[in-house]
file structure-v8.txt (compact mmCIF, C-alpha atoms)
# COMPACT_ATOMS: atom_id res chain seq x y z
CA MET A 1 10.82 64.64 -136.65
CA ASP A 2 10.25 63.61 -133.04
CA ASP A 3 7.78 65.35 -130.71
CA ALA A 4 10.45 67.15 -128.66
CA GLU A 5 11.95 68.72 -131.79
CA ALA A 6 8.50 69.63 -133.16
CA ILE A 7 7.50 71.24 -129.86
CA LYS A 8 10.74 73.20 -129.68
CA ARG A 9 10.22 74.57 -133.18
CA CYS A 10 6.57 75.41 -132.44
CA GLN A 11 7.74 77.31 -129.37
CA GLN A 12 10.01 79.30 -131.68
CA GLY A 13 6.94 80.26 -133.72
CA ASP A 14 7.07 77.68 -136.52
CA ARG A 15 3.38 77.02 -137.20
CA GLU A 16 3.91 74.56 -140.02
CA VAL A 17 5.69 72.11 -137.72
CA PHE A 18 2.58 71.85 -135.57
CA ARG A 19 1.09 69.92 -138.49
CA HIS A 20 3.29 66.92 -137.56
CA LEU A 21 1.78 66.79 -134.10
CA VAL A 22 -1.78 67.16 -135.40
CA GLU A 23 -1.31 64.45 -138.00
CA ARG A 24 0.40 62.13 -135.55
CA TYR A 25 -2.24 62.32 -132.82
CA GLN A 26 -5.54 63.37 -134.42
CA LYS A 27 -6.90 59.83 -134.93
CA ARG A 28 -6.17 58.79 -131.37
CA ALA A 29 -7.57 62.05 -130.06
CA VAL A 30 -10.82 61.71 -132.03
CA ALA A 31 -11.22 58.16 -130.72
CA HIS A 32 -10.74 59.35 -127.14
CA ALA A 33 -13.11 62.29 -127.60
CA LEU A 34 -15.67 59.99 -129.20
CA ALA A 35 -15.57 57.70 -126.18
CA ILE A 36 -16.56 60.67 -124.01
CA LEU A 37 -18.91 62.54 -126.33
CA PHE A 38 -20.47 59.75 -128.37
CA ASN A 39 -20.91 61.99 -131.35
CA ARG A 40 -18.38 62.09 -134.16
CA ASP A 41 -18.96 65.71 -135.18
CA ASP A 42 -18.66 66.89 -131.59
CA ALA A 43 -15.56 64.74 -131.10
CA GLU A 44 -13.87 66.28 -134.15
CA ASP A 45 -14.83 69.77 -132.99
CA ALA A 46 -13.43 69.10 -129.51
CA VAL A 47 -10.16 67.76 -130.93
CA GLN A 48 -9.83 70.72 -133.26
CA GLU A 49 -10.37 73.16 -130.40
CA ALA A 50 -7.96 71.24 -128.16
CA PHE A 51 -5.22 71.38 -130.81
CA ILE A 52 -5.75 75.12 -131.13
CA ASP A 53 -5.54 75.42 -127.33
CA ALA A 54 -2.36 73.35 -127.44
CA PHE A 55 -0.77 75.54 -130.07
CA ARG A 56 -1.59 78.70 -128.14
CA ALA A 57 -0.26 77.21 -124.90
CA ILE A 58 2.76 75.44 -126.39
CA ALA A 59 5.10 77.83 -124.58
CA THR A 60 3.89 76.33 -121.30
CA PHE A 61 4.43 72.72 -122.43
CA ASP A 62 5.43 70.58 -119.47
CA THR A 63 8.55 68.72 -120.58
CA SER A 64 8.13 66.12 -117.82
CA ARG A 65 5.20 64.68 -119.77
CA THR A 66 4.79 63.37 -123.28
CA PHE A 67 3.03 65.60 -125.77
CA TYR A 68 -0.07 63.42 -125.79
CA GLN A 69 -0.36 63.26 -122.00
CA TRP A 70 -0.17 67.06 -121.88
CA PHE A 71 -2.54 67.45 -124.83
CA TYR A 72 -5.01 64.96 -123.35
CA VAL A 73 -5.67 67.30 -120.41
CA LEU A 74 -6.66 70.04 -122.87
CA LEU A 75 -8.76 67.60 -124.86
CA ARG A 76 -10.73 66.30 -121.90
CA ASN A 77 -11.35 69.87 -120.73
CA ARG A 78 -12.83 70.61 -124.14
CA CYS A 79 -14.91 67.41 -124.06
CA TYR A 80 -16.15 68.06 -120.53
CA LYS A 81 -17.09 71.60 -121.46
CA MET A 82 -19.08 70.23 -124.37
CA THR A 83 -20.87 67.63 -122.26
CA ALA A 84 -21.68 70.27 -119.65
CA ARG A 85 -23.47 72.29 -122.32
CA ARG A 86 -25.47 69.51 -123.81
CA ARG A 87 -27.07 66.34 -122.54
CA LEU A 88 -26.61 62.94 -124.10
CA THR A 89 -30.27 62.75 -124.88
CA GLU A 90 -30.13 61.60 -128.47
CA SER A 91 -31.01 57.94 -128.58
CA ILE A 92 -28.70 56.01 -130.83
CA ASP A 93 -30.09 53.61 -133.38
CA GLU A 94 -26.81 52.75 -135.03
CA ALA A 95 -23.46 51.75 -133.55
CA VAL A 96 -20.90 54.52 -134.13
CA LEU A 97 -18.17 53.76 -131.68
CA VAL A 98 -17.03 50.21 -132.27
CA ASP A 99 -16.13 48.40 -135.47
CA PRO A 100 -18.06 45.34 -136.61
CA GLN A 101 -16.36 42.16 -135.42
CA PRO A 102 -16.80 38.62 -136.70
CA GLY A 103 -19.29 36.82 -134.49
CA VAL A 104 -20.61 40.03 -132.91
CA THR A 105 -24.09 40.94 -134.09
CA ASN A 106 -25.20 44.50 -134.78
CA GLU A 107 -27.68 44.12 -131.93
CA THR A 108 -24.86 43.33 -129.53
CA ARG A 109 -22.83 46.34 -130.70
CA LEU A 110 -25.84 48.58 -130.41
CA ALA A 111 -26.69 47.24 -126.93
CA LEU A 112 -23.09 47.84 -125.86
CA GLU A 113 -23.08 51.40 -127.17
CA LYS A 114 -26.40 52.17 -125.53
CA ALA A 115 -25.03 50.83 -122.26
CA LEU A 116 -21.89 52.93 -122.64
CA GLN A 117 -24.01 55.97 -123.38
CA SER A 118 -25.85 55.50 -120.10
CA LEU A 119 -22.61 55.87 -118.08
CA THR A 120 -21.30 59.16 -116.76
CA ARG A 121 -18.69 60.87 -118.88
CA GLU A 122 -15.96 59.89 -116.40
CA GLU A 123 -17.00 56.26 -116.56
CA ARG A 124 -17.23 56.25 -120.36
CA GLU A 125 -13.83 57.87 -120.50
CA ILE A 126 -12.12 55.31 -118.31
CA ILE A 127 -13.73 52.39 -120.15
CA GLY A 128 -12.66 53.91 -123.48
CA LEU A 129 -9.08 54.41 -122.36
CA LYS A 130 -8.84 51.00 -120.74
CA TYR A 131 -10.38 48.87 -123.46
CA PHE A 132 -9.99 50.84 -126.67
CA SER A 133 -6.56 52.31 -125.99
CA GLY A 134 -5.30 49.49 -123.79
CA LEU A 135 -3.91 51.71 -121.03
CA SER A 136 -2.65 50.12 -117.82
CA TYR A 137 -3.81 51.35 -114.40
CA ASP A 138 -0.66 53.45 -114.00
CA GLU A 139 -1.14 55.00 -117.43
CA LEU A 140 -4.80 55.69 -116.66
CA ALA A 141 -3.75 57.44 -113.47
CA VAL A 142 -1.39 59.69 -115.44
CA HIS A 143 -3.90 60.42 -118.21
CA LEU A 144 -6.78 61.12 -115.86
CA GLN A 145 -4.64 62.79 -113.19
CA ILE A 146 -6.15 60.68 -110.43
CA PRO A 147 -4.57 58.26 -107.92
CA ARG A 148 -4.26 54.60 -108.85
CA GLY A 149 -6.82 53.67 -106.18
CA THR A 150 -9.35 55.97 -107.82
CA VAL A 151 -8.60 54.35 -111.17
CA MET A 152 -9.49 50.98 -109.66
CA SER A 153 -12.69 52.17 -108.03
CA ARG A 154 -13.85 54.23 -111.01
CA LEU A 155 -13.19 51.38 -113.40
CA PHE A 156 -14.97 48.97 -111.11
CA SER A 157 -18.00 51.20 -110.75
CA ALA A 158 -18.13 51.74 -114.54
CA ARG A 159 -17.99 48.00 -115.13
CA ARG A 160 -20.67 47.34 -112.58
CA ARG A 161 -23.00 49.89 -114.12
CA LEU A 162 -22.26 48.59 -117.59
CA LYS A 163 -23.01 45.05 -116.47
CA GLY A 164 -26.29 46.26 -115.00
CA GLN A 165 -27.22 47.81 -118.34
CA LEU A 166 -26.17 44.85 -120.45
CA THR A 167 -28.78 42.49 -119.23
CA GLY A 168 -29.75 39.38 -121.10
CA THR A 169 -28.13 37.82 -124.06
CA VAL A 170 -25.08 40.04 -124.52
CA LEU A 171 -23.41 38.83 -121.35
CA ARG A 172 -24.95 35.38 -121.28
CA GLU A 173 -23.27 34.61 -124.63
CA GLN A 174 -19.91 35.31 -123.01
CA GLU A 175 -20.38 33.55 -119.68
CA VAL A 176 -18.50 30.31 -119.28
CA MET B 1 -6.44 42.06 -90.58
CA LYS B 2 -9.01 44.13 -92.47
CA GLU B 3 -12.30 42.40 -93.15
CA LEU B 4 -12.73 42.31 -96.92
CA THR B 5 -16.00 43.49 -98.39
CA CYS B 6 -17.48 42.00 -101.53
CA GLU B 7 -16.54 45.19 -103.39
CA ASP B 8 -12.90 44.96 -102.23
CA VAL B 9 -12.72 41.38 -103.41
CA LEU B 10 -14.35 41.96 -106.79
CA MET B 11 -12.22 45.03 -107.44
CA ALA B 12 -9.09 43.06 -106.63
CA GLN B 13 -10.19 40.11 -108.75
CA MET B 14 -10.81 42.38 -111.72
CA ALA B 15 -7.44 44.07 -111.19
CA ALA B 16 -5.84 40.62 -111.31
CA ALA B 17 -7.81 39.82 -114.48
CA ASP B 18 -6.43 43.04 -115.98
CA GLY B 19 -2.90 41.84 -115.23
CA GLU B 20 -2.47 44.34 -112.42
CA GLU B 21 -1.23 43.73 -108.89
CA PRO B 22 -4.30 43.14 -106.69
CA ALA B 23 -4.42 44.92 -103.34
CA PHE B 24 -4.94 41.68 -101.37
CA SER B 25 -3.27 38.29 -101.24
CA GLY B 26 -4.52 35.40 -103.33
CA GLU B 27 -5.38 33.45 -100.14
CA GLN B 28 -7.54 36.26 -98.77
CA LEU B 29 -9.39 36.56 -102.07
CA ALA B 30 -9.81 32.83 -102.47
CA ALA B 31 -11.16 32.48 -98.91
CA HIS B 32 -13.83 35.12 -99.58
CA MET B 33 -14.71 33.79 -103.02
CA THR B 34 -15.20 30.25 -101.76
CA ALA B 35 -17.63 31.40 -99.12
CA CYS B 36 -19.54 34.02 -101.14
CA ALA B 37 -21.92 32.84 -103.84
CA ASN B 38 -22.84 36.43 -104.75
CA CYS B 39 -19.24 37.30 -105.52
CA GLN B 40 -18.82 34.13 -107.58
CA ASN B 41 -21.84 35.07 -109.65
CA GLU B 42 -20.90 38.71 -110.00
CA LEU B 43 -17.31 37.94 -110.93
CA LYS B 44 -18.56 35.59 -113.64
CA GLN B 45 -20.67 38.40 -115.10
CA LEU B 46 -17.89 40.97 -114.81
CA LEU B 47 -15.48 38.64 -116.61
CA ALA B 48 -18.11 38.08 -119.31
CA LEU B 49 -18.40 41.85 -119.71
CA ASP B 50 -14.62 42.07 -119.88
CA ARG B 51 -14.60 39.55 -122.75
CA VAL B 52 -17.23 41.57 -124.61
CA LEU B 53 -15.25 44.78 -124.22
CA VAL B 54 -11.87 43.25 -125.03
CA SER B 55 -13.26 41.91 -128.30
CA GLN B 56 -14.27 45.39 -129.49
CA THR B 57 -12.13 47.82 -131.44
CA LEU B 58 -12.87 51.45 -131.80
CA ALA B 59 -14.09 52.52 -135.23
CA GLU B 60 -11.21 54.37 -136.87
CA ALA B 61 -12.04 57.70 -138.35
CA ASN B 62 -10.32 59.10 -141.40
CA VAL B 63 -9.92 62.62 -140.24
CA ASP B 64 -7.78 65.43 -141.48
CA LEU B 65 -8.18 68.31 -139.10
CA TRP B 66 -5.05 70.15 -140.15
CA PRO B 67 -6.60 72.46 -142.82
CA ALA B 68 -9.16 73.79 -140.33
CA ILE B 69 -6.59 74.05 -137.53
CA GLU B 70 -4.09 75.77 -139.80
CA ASN B 71 -6.65 78.44 -140.70
CA ARG B 72 -7.50 79.03 -137.06
CA ILE B 73 -3.96 79.25 -135.74
CA ALA B 74 -2.99 81.59 -138.56
CA GLN B 75 -5.47 84.11 -137.18
CA PRO B 76 -4.51 86.14 -134.14
CA ALA B 77 -5.97 84.82 -130.89
CA SER B 78 -9.54 86.02 -130.55
CA SER B 79 -9.80 89.15 -128.47
CA VAL B 80 -11.67 87.44 -125.66
CA LEU B 81 -10.82 89.59 -122.70
CA HIS B 82 -10.08 86.92 -120.09
CA TRP B 83 -8.61 88.65 -117.03
CA GLN B 84 -9.24 92.10 -118.46
CA LEU B 85 -12.98 91.36 -118.51
CA PHE B 86 -12.98 90.30 -114.86
CA ALA B 87 -10.84 93.29 -113.89
CA LEU B 88 -13.31 95.61 -115.61
CA ILE B 89 -16.25 94.04 -113.82
CA GLY B 90 -14.44 94.29 -110.50
CA LEU B 91 -13.74 97.94 -111.19
CA LEU B 92 -17.39 98.61 -112.07
CA LEU B 93 -18.57 96.90 -108.89
CA VAL B 94 -16.09 98.81 -106.72
CA THR B 95 -17.19 102.08 -108.36
CA TYR B 96 -20.80 101.15 -107.70
CA LYS B 97 -20.04 100.46 -104.05
CA LEU B 98 -18.22 103.77 -103.65
CA LEU B 99 -21.12 105.67 -105.21
CA GLU B 100 -23.54 103.79 -102.99
CA MET B 101 -21.56 104.87 -99.93
CA LEU B 102 -21.94 108.55 -100.74
CA PRO B 103 -24.08 109.99 -97.95
CA ALA B 104 -27.56 111.40 -98.46
CA ARG B 105 -27.86 110.52 -102.09
CA ASP B 106 -30.69 108.40 -103.45
CA LEU B 107 -29.86 107.31 -106.95
CA GLY B 108 -33.13 105.45 -107.50
CA LEU B 109 -34.16 101.87 -108.21
CA ALA B 110 -32.34 101.71 -111.53
CA PHE B 111 -29.06 102.35 -109.74
CA LYS B 112 -29.78 99.55 -107.25
CA LEU B 113 -30.17 97.13 -110.16
CA VAL B 114 -26.76 97.91 -111.64
CA PRO B 115 -24.88 95.02 -109.91
CA LEU B 116 -27.55 92.57 -111.05
CA VAL B 117 -27.22 93.80 -114.62
CA ILE B 118 -23.42 93.55 -114.47
CA VAL B 119 -23.44 89.99 -113.15
CA THR B 120 -26.11 88.91 -115.67
CA LEU B 121 -24.02 90.37 -118.50
CA LEU B 122 -20.98 88.52 -117.18
CA PHE B 123 -22.78 85.17 -117.39
CA VAL B 124 -23.98 86.04 -120.90
CA VAL B 125 -20.44 86.88 -122.01
CA ILE B 126 -18.87 83.75 -120.52
CA LYS B 127 -21.80 81.66 -121.83
CA GLU B 128 -22.51 79.88 -118.57
CA ASN B 129 -25.84 79.19 -116.93
CA PRO B 130 -25.58 79.71 -113.17
CA PHE B 131 -28.88 77.88 -112.59
CA ARG B 132 -27.91 74.65 -114.31
CA ILE B 133 -26.93 71.91 -111.89
CA ASN B 134 -24.40 69.48 -113.26
CA THR B 135 -25.77 66.12 -112.25
CA GLU B 136 -22.76 64.36 -113.70
CA LEU B 137 -20.50 65.55 -110.91
CA MET B 138 -19.37 62.59 -108.86
CA MET B 139 -17.70 62.22 -105.53
CA GLU B 140 -14.15 60.94 -105.77
CA ARG B 141 -13.69 57.83 -103.73
call {"tool": "encode", "arguments": {"input": "structure-v8.txt", "output": "structure tokens"}}
result
Amino acid sequence: MDDAEAIKRCQQGDREVFRHLVERYQKRAVAHALAILFNRDDAEDAVQEAFIDAFRAIATFDTSRTFYQWFYVLLRNRCYKMTARRRLTESIDEAVLVDPQPGVTNETRLALEKALQSLTREEREIIGLKYFSGLSYDELAVHLQIPRGTVMSRLFSARRRLKGQLTGTVLREQEV
Amino acid sequence: MKELTCEDVLMAQMAAADGEEPAFSGEQLAAHMTACANCQNELKQLLALDRVLVSQTLAEANVDLWPAIENRIAQPASSVLHWQLFALIGLLLVTYKLLEMLPARDLGLAFKLVPLVIVTLLFVVIKENPFRINTELMMER
């Protein structure tokens, strides 16, 4: 069943069909929430709440957008609400965000995650969407509801801050 | 022609590295890069960072949120009052103002504190702290 059909049936009150949308997008949504919140439990809570918001607001679904673009606005609202209520004070001692890669040490992963944690939520979000979801600048502009120029400047400022945090070996290993 | 700053140039170079259309011509960028050792160095570091990030993949989570979501959406929407709550508070405040305007009537200190109590209760109900400053707010460029 495609998204348009599922949405139409949800709008007619068919709750069971909403399951298709949840199962189709939950992994991607948790990954996006994790990139903002940096805590898996919080990310899953935010996604759960956002899906419930989506179900309750499905009658107002904007057909000019894809389901995920529309849902993402609800998700980031939930994530931002969560970050506003708590600070990212927990220091991480284990990488939770990125998978182990051949040739990448645990220290490098941990250093990267600590650096990401030090960014603002908007910066973490744009880095997550750009690198982990592979969105183009135009897609970032749609997802984040900001102009393309702001995408460029926000991404640049996030990279600059990240570079400032990743001093020493992590970047030196990659320089050519 | 606009004088390019180092930030303009680096932003455009990174856009080009991302496969996007840079905002300035290749000649303009090359002219700046040749003359600016700082930009050469910073671009090298930014590209190194790019390689680090590109090589990472997000840890996939095996999640199944449907059972919890199904339970929640099966329940009727919680009876949070939304606009009704704000309407009620508005009504209370208007009533207070009207009572306050009654001539020659001193209703005491407790009465004067009513608006404060109402507003405090409002913040308690909506679970927001009016004294917390969000330092993560950023200016849009």
call {"tool": "interface_residues", "arguments": {"input": "structure-v8.txt", "of": "chain B", "to": "chain A", "cutoff": "6 Å", "atoms": "only C-alpha atoms", "output": "list of chain:residue names"}}
result
B:Ala48, B:Thr57, B:Leu58, B:Ala59
call {"tool": "residues_around", "arguments": {"input": "structure-v8.txt", "residues": "B:Ala12", "least_positions_apart": "3", "cutoff": "9 Å", "atoms": "all atoms listed in the file", "output": "ChimeraX atom specification"}}
result
/A:152 /B:7-9,15-17,20-24,29
call {"tool": "atom_distance", "arguments": {"input": "structure-v8.txt", "atom1": "atom CA of B:Phe131", "atom2": "atom CA of B:Leu113"}}
result
19.4 Å
call {"tool": "atom_distance", "arguments": {"input": "structure-v8.txt", "atom1": "atom CA of A:Asp14", "atom2": "atom CA of A:Arg78"}}
result
24.5 Å
call {"tool": "closest_residue", "arguments": {"input": "structure-v8.txt", "among": "A:Leu116, A:Ala54, A:Cys79, A:Val142", "to": "A:Leu37", "atoms": "only C-alpha atoms"}}
result
A:Cys79
call {"tool": "atom_distance", "arguments": {"input": "structure-v8.txt", "atom1": "atom CA of B:Leu46", "atom2": "atom CA of A:Arg76"}}
result
27.3 Å
call {"tool": "closest_residue", "arguments": {"input": "structure-v8.txt", "among": "A:His143, A:Lys8, A:Ser118, A:Ala33", "to": "B:Ala61", "atoms": "all atoms listed in the file"}}
result
A:Ala33
call {"tool": "residues_around", "arguments": {"input": "structure-v8.txt", "residues": "A:Gln69", "least_positions_apart": "2", "cutoff": "10 Å", "atoms": "all atoms listed in the file", "output": "list in words"}}
result
Asp62, Ser64, Arg65, Thr66, Phe67, Phe71, Tyr72, Val73, Leu74, Leu75, Glu139, Val142, His143, Leu144 and Gln145 of chain A
call {"tool": "closest_residue", "arguments": {"input": "structure-v8.txt", "among": "A:Leu135, A:Met82, A:Ile126, A:Gln165", "to": "A:Lys114", "atoms": "only C-alpha atoms"}}
result
A:Gln165
